[in-house]
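Report on the following structure.
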Amino acid sequence: GVGGAGTPLVMLHGYANAAMYFYRNLLGLAAATDAPVYALDMLGWGLSSRPSFKPEDKSVEACEDVFVESLEAWRAAAGIEKMNLAGHSMGGYLSVAYAERYPQRVERLVLLSPVGVPEGEGVKERLSGASWRFRTMVGMMGFFFERGLTPSSVVRNLPEKRGLGMVRNYVENRLPAVASLDEREFLTEYLYRNAVLPGSGEYCLNRLLTITVDARKPAVHRIPSLNVRSVAFLYGEVDWMDASGGLLVQQRAEQRRKGGLEAPEVEVYGIRNAGHLLMLENYQEFNAAVAKALGCEHRLPEGAARPKAIHFSDEVQFFRRTVFRERDGKVERANSGKAPSADADADAVAATVGA
């Protein structure tokens, strides 16, 4: 950890990632918050221990417990009484589960393009307009998905040269904002070495999500009743994650307060020129958004980039969601040119690698 004496900020990475995915953010966030900043390798990823991931109870709750209780054990060992908790993608989903179980340990919750927020459609509904070929491909992927095949297990079973090449292509395609060749090579090596270590935490995937990357226990029903001070959502301008989930949570929280029930204050921020990997693609605006979510905007330098604050009632469109469409028998990334919605084309079938 780095930083000053304020409320510690603890950051959880996304699926198939590890703590150093926040390497562009740690020093800036420590300066902006004047607080210790910890980026953790969650249990079963990065350089944490990698126990066999075989809970006898195959329920969503039992799977969440593996990560919730290991985070709680770390907190207790670190002597942190209360923290601000931030999680990216899968780390965001698991941060919600932790705050639900241990609200007394969380001051503010910051969800960084979190997976599993909106209520998803079934596979049949999502693929109703797709060709037979595409439906067959997704069906095959679903078969292996339900049996525990993960992106890392594919890489792990390839020759090193081919596996490195696959990860290198991923970095080049998903992170054009990382222009330095040395930095790209560092990321490639980091992601590859993380993938080929013994599998552990990665096997949570089909316990928590469906093949369409929808949560089996959507967070949209859980977040409005959390007993935390505030919840902030951060999404990239061209994020493939559905920002409508965060806006719906914001609306439901306001409705709860109007009805006399307790609910956290919910803010939604958009990060310009960024997608799902917003902490790397536009780290300056990302850092400013996290600082603002933690009540530290006054510490930002004059003239620093500021995120776009979004409200569910806004008529001005900000998000231009990236979707995955079929064209000429191939699946390709495309810009939807519209606000996020739950009925976008089979948009996340292949997007869990490096999420």
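Identifiers in the structure tokens: chain A, B, ... in order shown; residue index from 1 per chain; ligand index from 1 in order shown.
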query = Any idea what's packed within 8 Å of segment 59-74 of chain A, counting only C-alpha atoms, ignoring anything in its chain fewer than 5 positions away? Could you give it as number ranges by chain?
reply = A: 42-43, 94-95, 97-98, 101, 204, 207-208, 216-217
task = Please provide the set of residues having any atom within 8 Å of segment 219-224 of chain A, restricted to only C-alpha atoms, with same-chain residues fewer than 5 positions apart removed, written as an MDAnalysis selection string.
result = chainID A and resid 93 96 100 116:119 245:246 248:250 252:253 256 263:264
Output file for the selection above: all heavy atoms, as a CSV table (one decimal), in the first residue's frame:
chain,number,residue,atom,x,y,z
A,93,TYR,N,-18.3,-6.8,-8.6
A,93,TYR,CA,-19.4,-7.6,-8.2
A,93,TYR,C,-19.1,-8.2,-6.8
A,93,TYR,O,-20.0,-8.2,-5.9
A,93,TYR,CB,-19.6,-8.8,-9.2
A,93,TYR,CG,-20.6,-9.8,-8.8
A,93,TYR,CD1,-21.9,-9.7,-9.1
A,93,TYR,CD2,-20.2,-10.9,-8.0
A,93,TYR,CE1,-22.8,-10.7,-8.7
A,93,TYR,CE2,-21.1,-11.9,-7.6
A,93,TYR,CZ,-22.4,-11.8,-8.0
A,93,TYR,OH,-23.3,-12.7,-7.6
A,96,VAL,N,-19.6,-5.8,-3.9
A,96,VAL,CA,-21.0,-5.7,-3.5
A,96,VAL,C,-21.3,-6.8,-2.5
A,96,VAL,O,-21.9,-6.5,-1.4
A,96,VAL,CB,-21.9,-5.7,-4.7
A,96,VAL,CG1,-23.4,-5.8,-4.2
A,96,VAL,CG2,-21.7,-4.5,-5.6
A,100,GLU,N,-22.3,-6.2,1.4
A,100,GLU,CA,-23.6,-6.8,1.9
A,100,GLU,C,-23.4,-7.6,3.2
A,100,GLU,O,-24.2,-7.5,4.1
A,100,GLU,CB,-24.1,-7.7,0.8
A,100,GLU,CG,-25.6,-8.1,0.9
A,100,GLU,CD,-26.1,-8.8,-0.4
A,100,GLU,OE1,-25.4,-9.7,-0.8
A,100,GLU,OE2,-27.1,-8.4,-0.9
A,116,GLY,N,-22.3,-7.9,-13.7
A,116,GLY,CA,-23.4,-8.5,-12.9
A,116,GLY,C,-24.4,-7.6,-12.3
A,116,GLY,O,-25.0,-8.0,-11.3
A,117,VAL,N,-24.5,-6.4,-12.8
A,117,VAL,CA,-25.4,-5.4,-12.2
A,117,VAL,C,-26.9,-5.6,-12.7
A,117,VAL,O,-27.8,-5.9,-12.0
A,117,VAL,CB,-25.0,-4.0,-12.3
A,117,VAL,CG1,-26.0,-3.0,-11.7
A,117,VAL,CG2,-23.6,-3.8,-11.6
A,118,PRO,N,-27.1,-5.4,-14.0
A,118,PRO,CA,-28.5,-5.5,-14.5
A,118,PRO,C,-29.0,-6.9,-14.6
A,118,PRO,O,-28.3,-7.9,-14.5
A,118,PRO,CB,-28.4,-4.8,-15.9
A,118,PRO,CG,-27.0,-5.1,-16.3
A,118,PRO,CD,-26.2,-5.1,-15.1
A,119,GLU,N,-30.4,-7.0,-14.6
A,119,GLU,CA,-31.0,-8.2,-14.8
A,119,GLU,C,-30.8,-8.6,-16.3
A,119,GLU,O,-31.1,-7.9,-17.2
A,119,GLU,CB,-32.5,-8.1,-14.5
A,119,GLU,CG,-33.3,-9.4,-14.6
A,119,GLU,CD,-33.2,-10.2,-13.3
A,119,GLU,OE1,-33.5,-9.6,-12.2
A,119,GLU,OE2,-32.7,-11.3,-13.3
A,245,GLY,N,-27.3,-0.5,-15.9
A,245,GLY,CA,-27.4,-1.1,-14.6
A,245,GLY,C,-27.1,-0.1,-13.4
A,245,GLY,O,-27.9,0.0,-12.5
A,246,GLY,N,-26.0,0.7,-13.6
A,246,GLY,CA,-25.7,1.7,-12.6
A,246,GLY,C,-26.8,2.8,-12.5
A,246,GLY,O,-27.2,3.2,-11.4
A,248,LEU,N,-30.0,2.4,-13.2
A,248,LEU,CA,-31.2,1.8,-12.6
A,248,LEU,C,-31.0,1.7,-11.1
A,248,LEU,O,-31.9,2.0,-10.3
A,248,LEU,CB,-31.4,0.4,-13.2
A,248,LEU,CG,-32.7,-0.3,-12.7
A,248,LEU,CD1,-33.9,0.6,-12.9
A,248,LEU,CD2,-32.9,-1.6,-13.4
A,249,VAL,N,-29.8,1.4,-10.6
A,249,VAL,CA,-29.5,1.3,-9.2
A,249,VAL,C,-29.7,2.7,-8.6
A,249,VAL,O,-30.3,2.9,-7.5
A,249,VAL,CB,-28.1,0.8,-8.9
A,249,VAL,CG1,-27.7,1.1,-7.4
A,249,VAL,CG2,-28.0,-0.6,-9.2
A,250,GLN,N,-29.2,3.8,-9.3
A,250,GLN,CA,-29.4,5.1,-8.8
A,250,GLN,C,-30.9,5.5,-8.7
A,250,GLN,O,-31.3,6.1,-7.7
A,250,GLN,CB,-28.7,6.1,-9.8
A,250,GLN,CG,-28.7,7.5,-9.4
A,250,GLN,CD,-28.1,8.4,-10.5
A,250,GLN,OE1,-28.6,8.4,-11.7
A,250,GLN,NE2,-27.0,9.1,-10.2
A,252,ARG,N,-33.4,3.4,-8.3
A,252,ARG,CA,-34.1,2.7,-7.2
A,252,ARG,C,-33.7,3.2,-5.9
A,252,ARG,O,-34.5,3.2,-4.9
A,252,ARG,CB,-33.7,1.2,-7.4
A,252,ARG,CG,-34.4,0.5,-8.6
A,252,ARG,CD,-34.1,-1.0,-8.6
A,252,ARG,NE,-34.9,-1.6,-9.7
A,252,ARG,CZ,-34.9,-2.9,-9.9
A,252,ARG,NH1,-34.2,-3.7,-9.1
A,252,ARG,NH2,-35.6,-3.4,-10.9
A,253,ALA,N,-32.4,3.6,-5.7
A,253,ALA,CA,-32.0,4.1,-4.4
A,253,ALA,C,-32.8,5.4,-4.1
A,253,ALA,O,-33.2,5.6,-2.9
A,253,ALA,CB,-30.5,4.4,-4.4
A,256,ARG,N,-36.3,4.5,-3.0
A,256,ARG,CA,-36.3,4.0,-1.6
A,256,ARG,C,-36.3,5.2,-0.6
A,256,ARG,O,-37.0,5.2,0.3
A,256,ARG,CB,-35.1,3.1,-1.4
A,256,ARG,CG,-35.2,1.7,-1.9
A,256,ARG,CD,-34.0,0.9,-1.6
A,256,ARG,NE,-33.7,0.7,-0.2
A,256,ARG,CZ,-34.2,-0.3,0.6
A,256,ARG,NH1,-35.0,-1.2,0.0
A,256,ARG,NH2,-33.9,-0.4,1.8
A,263,ALA,N,-31.1,4.2,2.0
A,263,ALA,CA,-30.4,3.7,0.8
A,263,ALA,C,-29.2,4.6,0.6
A,263,ALA,O,-29.2,5.7,1.0
A,263,ALA,CB,-31.3,3.9,-0.5
A,264,PRO,N,-28.1,4.0,0.0
A,264,PRO,CA,-26.9,4.8,-0.2
A,264,PRO,C,-27.1,5.9,-1.2
A,264,PRO,O,-28.0,5.8,-2.1
A,264,PRO,CB,-25.9,3.8,-0.6
A,264,PRO,CG,-26.7,2.7,-1.2
A,264,PRO,CD,-28.0,2.7,-0.5
Might you pull out every residue within 12 Å of segment 34-36 of chain A, with only C-alpha atoms counted and same-chain residues fewer than 5 positions away left off, and present them as a PDB file with N, CA and C atoms, in the first residue's frame?
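The file below, out-v2.pdb, is the result:
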ATOM      1  N   GLY A   1       0.815  -1.200   0.000  1.00  0.00           N
ATOM      2  CA  GLY A   1       0.000   0.000   0.000  1.00  0.00           C
ATOM      3  C   GLY A   1       0.854   1.256   0.000  1.00  0.00           C
ATOM      4  N   VAL A   2       0.301   2.341  -0.535  1.00  0.00           N
ATOM      5  CA  VAL A   2       0.957   3.647  -0.543  1.00  0.00           C
ATOM      6  C   VAL A   2      -0.051   4.678  -0.071  1.00  0.00           C
ATOM      7  N   GLY A   3       0.425   5.833   0.435  1.00  0.00           N
ATOM      8  CA  GLY A   3      -0.501   6.906   0.767  1.00  0.00           C
ATOM      9  C   GLY A   3      -0.378   7.419   2.177  1.00  0.00           C
ATOM     10  N   GLY A   4      -1.325   8.322   2.546  1.00  0.00           N
ATOM     11  CA  GLY A   4      -1.282   9.042   3.807  1.00  0.00           C
ATOM     12  C   GLY A   4      -2.092   8.388   4.911  1.00  0.00           C
ATOM     13  N   ALA A   5      -2.797   9.230   5.693  1.00  0.00           N
ATOM     14  CA  ALA A   5      -3.419   8.742   6.921  1.00  0.00           C
ATOM     15  C   ALA A   5      -4.945   8.705   6.865  1.00  0.00           C
ATOM     16  N   GLY A   6      -5.561   8.966   5.708  1.00  0.00           N
ATOM     17  CA  GLY A   6      -7.012   8.953   5.610  1.00  0.00           C
ATOM     18  C   GLY A   6      -7.579   7.542   5.602  1.00  0.00           C
ATOM     19  N   THR A   7      -8.886   7.431   5.343  1.00  0.00           N
ATOM     20  CA  THR A   7      -9.529   6.117   5.265  1.00  0.00           C
ATOM     21  C   THR A   7      -8.918   5.313   4.130  1.00  0.00           C
ATOM     22  N   PRO A   8      -8.396   4.126   4.405  1.00  0.00           N
ATOM     23  CA  PRO A   8      -7.722   3.352   3.356  1.00  0.00           C
ATOM     24  C   PRO A   8      -8.643   3.037   2.178  1.00  0.00           C
ATOM     25  N   LEU A   9      -8.067   3.045   0.999  1.00  0.00           N
ATOM     26  CA  LEU A   9      -8.757   2.626  -0.220  1.00  0.00           C
ATOM     27  C   LEU A   9      -8.211   1.253  -0.606  1.00  0.00           C
ATOM     28  N   VAL A  10      -9.099   0.275  -0.708  1.00  0.00           N
ATOM     29  CA  VAL A  10      -8.722  -1.085  -1.091  1.00  0.00           C
ATOM     30  C   VAL A  10      -9.313  -1.361  -2.469  1.00  0.00           C
ATOM     31  N   MET A  11      -8.479  -1.819  -3.407  1.00  0.00           N
ATOM     32  CA  MET A  11      -8.892  -1.996  -4.796  1.00  0.00           C
ATOM     33  C   MET A  11      -8.782  -3.463  -5.199  1.00  0.00           C
ATOM     34  N   LEU A  26      -2.083   3.968  -8.753  1.00  0.00           N
ATOM     35  CA  LEU A  26      -1.801   3.915  -7.316  1.00  0.00           C
ATOM     36  C   LEU A  26      -1.243   5.215  -6.763  1.00  0.00           C
ATOM     37  N   LEU A  27      -0.208   5.756  -7.383  1.00  0.00           N
ATOM     38  CA  LEU A  27       0.403   6.977  -6.850  1.00  0.00           C
ATOM     39  C   LEU A  27      -0.545   8.169  -6.969  1.00  0.00           C
ATOM     40  N   GLY A  28      -1.241   8.279  -8.088  1.00  0.00           N
ATOM     41  CA  GLY A  28      -2.177   9.387  -8.267  1.00  0.00           C
ATOM     42  C   GLY A  28      -3.315   9.346  -7.268  1.00  0.00           C
ATOM     43  N   LEU A  29      -3.838   8.163  -6.996  1.00  0.00           N
ATOM     44  CA  LEU A  29      -4.929   8.037  -6.026  1.00  0.00           C
ATOM     45  C   LEU A  29      -4.449   8.285  -4.608  1.00  0.00           C
ATOM     46  N   ALA A  78      -4.658  -6.962   8.466  1.00  0.00           N
ATOM     47  CA  ALA A  78      -4.040  -5.669   8.163  1.00  0.00           C
ATOM     48  C   ALA A  78      -4.389  -4.611   9.204  1.00  0.00           C
ATOM     49  N   ILE A  80      -7.239  -2.947   9.561  1.00  0.00           N
ATOM     50  CA  ILE A  80      -8.045  -1.859   8.988  1.00  0.00           C
ATOM     51  C   ILE A  80      -9.452  -1.933   9.578  1.00  0.00           C
ATOM     52  N   MET A  83     -12.861   0.771   5.555  1.00  0.00           N
ATOM     53  CA  MET A  83     -12.178   1.096   4.302  1.00  0.00           C
ATOM     54  C   MET A  83     -13.155   1.615   3.266  1.00  0.00           C
ATOM     55  N   ASN A  84     -12.597   2.303   2.287  1.00  0.00           N
ATOM     56  CA  ASN A  84     -13.300   2.556   1.038  1.00  0.00           C
ATOM     57  C   ASN A  84     -12.929   1.409   0.107  1.00  0.00           C
ATOM     58  N   LEU A  85     -13.931   0.784  -0.490  1.00  0.00           N
ATOM     59  CA  LEU A  85     -13.694  -0.421  -1.280  1.00  0.00           C
ATOM     60  C   LEU A  85     -14.046  -0.164  -2.736  1.00  0.00           C
ATOM     61  N   ALA A 291     -11.408   9.870  -6.926  1.00  0.00           N
ATOM     62  CA  ALA A 291     -11.226  10.895  -5.893  1.00  0.00           C
ATOM     63  C   ALA A 291     -12.544  11.610  -5.602  1.00  0.00           C
ATOM     64  N   LEU A 294     -14.894   9.583  -3.568  1.00  0.00           N
ATOM     65  CA  LEU A 294     -14.470   9.475  -2.162  1.00  0.00           C
ATOM     66  C   LEU A 294     -14.503  10.815  -1.437  1.00  0.00           C
ATOM     67  N   GLY A 295     -15.074  11.832  -2.080  1.00  0.00           N
ATOM     68  CA  GLY A 295     -15.184  13.141  -1.444  1.00  0.00           C
ATOM     69  C   GLY A 295     -13.895  13.915  -1.407  1.00  0.00           C
ATOM     70  N   CYS A 296     -12.984  13.639  -2.330  1.00  0.00           N
ATOM     71  CA  CYS A 296     -11.653  14.270  -2.316  1.00  0.00           C
ATOM     72  C   CYS A 296     -11.404  15.130  -3.552  1.00  0.00           C
ATOM     73  N   GLU A 297     -12.458  15.572  -4.202  1.00  0.00           N
ATOM     74  CA  GLU A 297     -12.276  16.362  -5.419  1.00  0.00           C
ATOM     75  C   GLU A 297     -11.459  17.627  -5.153  1.00  0.00           C
ATOM     76  N   HIS A 298     -11.578  18.191  -3.949  1.00  0.00           N
ATOM     77  CA  HIS A 298     -10.859  19.424  -3.611  1.00  0.00           C
ATOM     78  C   HIS A 298      -9.347  19.234  -3.623  1.00  0.00           C
ATOM     79  N   ARG A 299      -8.885  18.001  -3.588  1.00  0.00           N
ATOM     80  CA  ARG A 299      -7.454  17.734  -3.586  1.00  0.00           C
ATOM     81  C   ARG A 299      -6.879  17.591  -4.995  1.00  0.00           C
ATOM     82  N   LEU A 300      -7.724  17.568  -6.000  1.00  0.00           N
ATOM     83  CA  LEU A 300      -7.241  17.412  -7.369  1.00  0.00           C
ATOM     84  C   LEU A 300      -6.566  18.698  -7.845  1.00  0.00           C
TER      85      LEU A 300
END
task = Could you please determine the separation between atom CA of Ala31 of chain A and atom CA of Gly303 of chain A in Å, to one decimal place?
result =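 Between atom CA of Ala31 of chain A and atom CA of Gly303 of chain A the gap is 15.8 Å.
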ask   = Quick one: distance from atom CA of Asp239 of chain A to atom CA of Ser131 of chain A in Å, one decimal?
value =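 Interatomic distance here is 25.2 Å.
The residue set within 12 Å of Pro198 of chain A, counting only C-alpha atoms and dropping same-chain residues fewer than 4 places from it, reads Gly44, Trp45, Gly46, Leu47, Ser48, Ser49, Arg50, Pro51, Ser52, Phe53, Ser152, Ser153, Val155, Arg156, Asn157, Arg193, Asn194, Glu202 and Tyr203 of chain A.
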Grab the residues selected above and save them as a short mmCIF file (atom, residue, chain, number, x, y, z; two decimals), in the first residue's frame with all heavy atoms.
data_model
loop_
_atom_site.label_atom_id
_atom_site.label_comp_id
_atom_site.auth_asym_id
_atom_site.auth_seq_id
_atom_site.Cartn_x
_atom_site.Cartn_y
_atom_site.Cartn_z
N GLY A 44 -6.64 -16.76 -5.17
CA GLY A 44 -6.68 -17.58 -6.37
C GLY A 44 -6.24 -16.89 -7.63
O GLY A 44 -6.29 -17.47 -8.72
N TRP A 45 -5.78 -15.64 -7.52
CA TRP A 45 -5.29 -14.89 -8.68
C TRP A 45 -3.96 -14.23 -8.32
O TRP A 45 -3.62 -14.05 -7.15
CB TRP A 45 -6.30 -13.82 -9.10
CG TRP A 45 -7.39 -14.30 -10.00
CD1 TRP A 45 -7.24 -14.87 -11.22
CD2 TRP A 45 -8.80 -14.23 -9.75
NE1 TRP A 45 -8.47 -15.17 -11.75
CE2 TRP A 45 -9.45 -14.79 -10.88
CE3 TRP A 45 -9.58 -13.76 -8.70
CZ2 TRP A 45 -10.83 -14.88 -10.98
CZ3 TRP A 45 -10.95 -13.86 -8.79
CH2 TRP A 45 -11.57 -14.41 -9.92
N GLY A 46 -3.25 -13.78 -9.37
CA GLY A 46 -2.00 -13.07 -9.14
C GLY A 46 -1.04 -13.90 -8.32
O GLY A 46 -0.85 -15.10 -8.55
N LEU A 47 -0.42 -13.26 -7.34
CA LEU A 47 0.55 -13.94 -6.49
C LEU A 47 -0.03 -14.35 -5.14
O LEU A 47 0.71 -14.69 -4.22
CB LEU A 47 1.78 -13.05 -6.28
CG LEU A 47 2.61 -12.79 -7.55
CD1 LEU A 47 3.76 -11.85 -7.26
CD2 LEU A 47 3.11 -14.10 -8.15
N SER A 48 -1.37 -14.31 -5.02
CA SER A 48 -1.98 -14.86 -3.81
C SER A 48 -1.87 -16.38 -3.86
O SER A 48 -1.51 -16.97 -4.89
CB SER A 48 -3.45 -14.45 -3.71
OG SER A 48 -4.24 -15.19 -4.62
N SER A 49 -2.18 -17.03 -2.76
CA SER A 49 -2.19 -18.50 -2.78
C SER A 49 -3.30 -18.96 -3.72
O SER A 49 -4.27 -18.24 -3.98
CB SER A 49 -2.42 -19.05 -1.37
OG SER A 49 -3.62 -18.54 -0.82
N ARG A 50 -3.13 -20.15 -4.25
CA ARG A 50 -4.07 -20.68 -5.24
C ARG A 50 -4.62 -22.03 -4.78
O ARG A 50 -4.26 -23.08 -5.33
CB ARG A 50 -3.40 -20.77 -6.61
CG ARG A 50 -3.12 -19.40 -7.23
CD ARG A 50 -2.42 -19.49 -8.55
NE ARG A 50 -2.30 -18.17 -9.16
CZ ARG A 50 -2.88 -17.82 -10.31
NH1 ARG A 50 -3.62 -18.68 -10.97
NH2 ARG A 50 -2.69 -16.60 -10.79
N PRO A 51 -5.49 -22.00 -3.79
CA PRO A 51 -6.06 -23.26 -3.29
C PRO A 51 -6.98 -23.89 -4.33
O PRO A 51 -7.47 -23.22 -5.24
CB PRO A 51 -6.85 -22.81 -2.05
CG PRO A 51 -7.23 -21.39 -2.35
CD PRO A 51 -6.06 -20.83 -3.11
N SER A 52 -7.23 -25.16 -4.17
CA SER A 52 -8.18 -25.85 -5.04
C SER A 52 -9.56 -25.21 -4.86
O SER A 52 -10.05 -25.07 -3.74
CB SER A 52 -8.24 -27.33 -4.68
OG SER A 52 -9.22 -27.99 -5.45
N PHE A 53 -10.17 -24.79 -5.98
CA PHE A 53 -11.45 -24.09 -5.89
C PHE A 53 -12.57 -25.10 -6.13
O PHE A 53 -13.09 -25.24 -7.22
CB PHE A 53 -11.50 -22.97 -6.93
CG PHE A 53 -12.66 -22.02 -6.74
CD1 PHE A 53 -12.53 -20.91 -5.91
CD2 PHE A 53 -13.87 -22.24 -7.36
CE1 PHE A 53 -13.60 -20.04 -5.72
CE2 PHE A 53 -14.94 -21.38 -7.18
CZ PHE A 53 -14.80 -20.28 -6.36
N SER A 152 -8.25 -18.72 -19.06
CA SER A 152 -6.90 -19.01 -18.60
C SER A 152 -6.54 -20.48 -18.81
O SER A 152 -5.38 -20.80 -19.12
CB SER A 152 -6.74 -18.65 -17.12
OG SER A 152 -6.83 -17.25 -16.93
N SER A 153 -7.51 -21.37 -18.67
CA SER A 153 -7.20 -22.79 -18.87
C SER A 153 -6.87 -23.07 -20.32
O SER A 153 -6.08 -23.98 -20.62
CB SER A 153 -8.36 -23.67 -18.39
OG SER A 153 -9.54 -23.42 -19.14
N VAL A 155 -5.29 -20.84 -22.35
CA VAL A 155 -3.92 -20.33 -22.48
C VAL A 155 -2.92 -21.28 -21.81
O VAL A 155 -1.84 -21.54 -22.34
CB VAL A 155 -3.80 -18.91 -21.88
CG1 VAL A 155 -2.36 -18.43 -21.88
CG2 VAL A 155 -4.69 -17.93 -22.64
N ARG A 156 -3.30 -21.82 -20.67
CA ARG A 156 -2.42 -22.68 -19.89
C ARG A 156 -2.04 -23.96 -20.65
O ARG A 156 -0.97 -24.53 -20.41
CB ARG A 156 -3.14 -23.04 -18.57
CG ARG A 156 -2.28 -23.65 -17.50
CD ARG A 156 -3.09 -23.86 -16.23
NE ARG A 156 -3.51 -22.59 -15.66
CZ ARG A 156 -4.79 -22.24 -15.44
NH1 ARG A 156 -5.78 -23.08 -15.73
NH2 ARG A 156 -5.09 -21.07 -14.95
N ASN A 157 -2.91 -24.39 -21.54
CA ASN A 157 -2.67 -25.63 -22.26
C ASN A 157 -2.09 -25.44 -23.66
O ASN A 157 -1.99 -26.41 -24.42
CB ASN A 157 -3.97 -26.43 -22.33
CG ASN A 157 -4.34 -27.06 -21.00
OD1 ASN A 157 -3.75 -28.05 -20.59
ND2 ASN A 157 -5.30 -26.46 -20.30
N ARG A 193 1.76 -14.73 -17.48
CA ARG A 193 2.26 -15.46 -16.30
C ARG A 193 1.14 -15.67 -15.27
O ARG A 193 1.10 -16.69 -14.59
CB ARG A 193 3.43 -14.71 -15.66
CG ARG A 193 4.64 -14.56 -16.56
CD ARG A 193 5.17 -15.89 -17.04
NE ARG A 193 6.15 -15.74 -18.12
CZ ARG A 193 6.60 -16.73 -18.88
NH1 ARG A 193 6.15 -17.97 -18.67
NH2 ARG A 193 7.46 -16.50 -19.84
N ASN A 194 0.26 -14.70 -15.17
CA ASN A 194 -0.89 -14.85 -14.27
C ASN A 194 -1.79 -15.99 -14.74
O ASN A 194 -2.32 -16.75 -13.93
CB ASN A 194 -1.68 -13.53 -14.24
CG ASN A 194 -2.76 -13.52 -13.18
OD1 ASN A 194 -2.63 -14.12 -12.13
ND2 ASN A 194 -3.86 -12.84 -13.48
N GLU A 202 -10.22 -18.47 -10.84
CA GLU A 202 -10.88 -18.35 -12.16
C GLU A 202 -12.11 -19.24 -12.27
O GLU A 202 -13.02 -18.98 -13.07
CB GLU A 202 -9.90 -18.70 -13.27
CG GLU A 202 -9.50 -20.16 -13.30
CD GLU A 202 -8.25 -20.41 -14.13
OE1 GLU A 202 -7.15 -20.00 -13.72
OE2 GLU A 202 -8.39 -21.04 -15.20
N TYR A 203 -12.15 -20.34 -11.47
CA TYR A 203 -13.25 -21.28 -11.60
C TYR A 203 -14.55 -20.79 -10.96
O TYR A 203 -15.55 -21.52 -10.95
CB TYR A 203 -12.83 -22.64 -11.03
CG TYR A 203 -11.68 -23.25 -11.80
CD1 TYR A 203 -10.47 -23.54 -11.17
CD2 TYR A 203 -11.79 -23.50 -13.16
CE1 TYR A 203 -9.40 -24.08 -11.89
CE2 TYR A 203 -10.74 -24.03 -13.89
CZ TYR A 203 -9.54 -24.31 -13.24
OH TYR A 203 -8.50 -24.84 -13.96
#
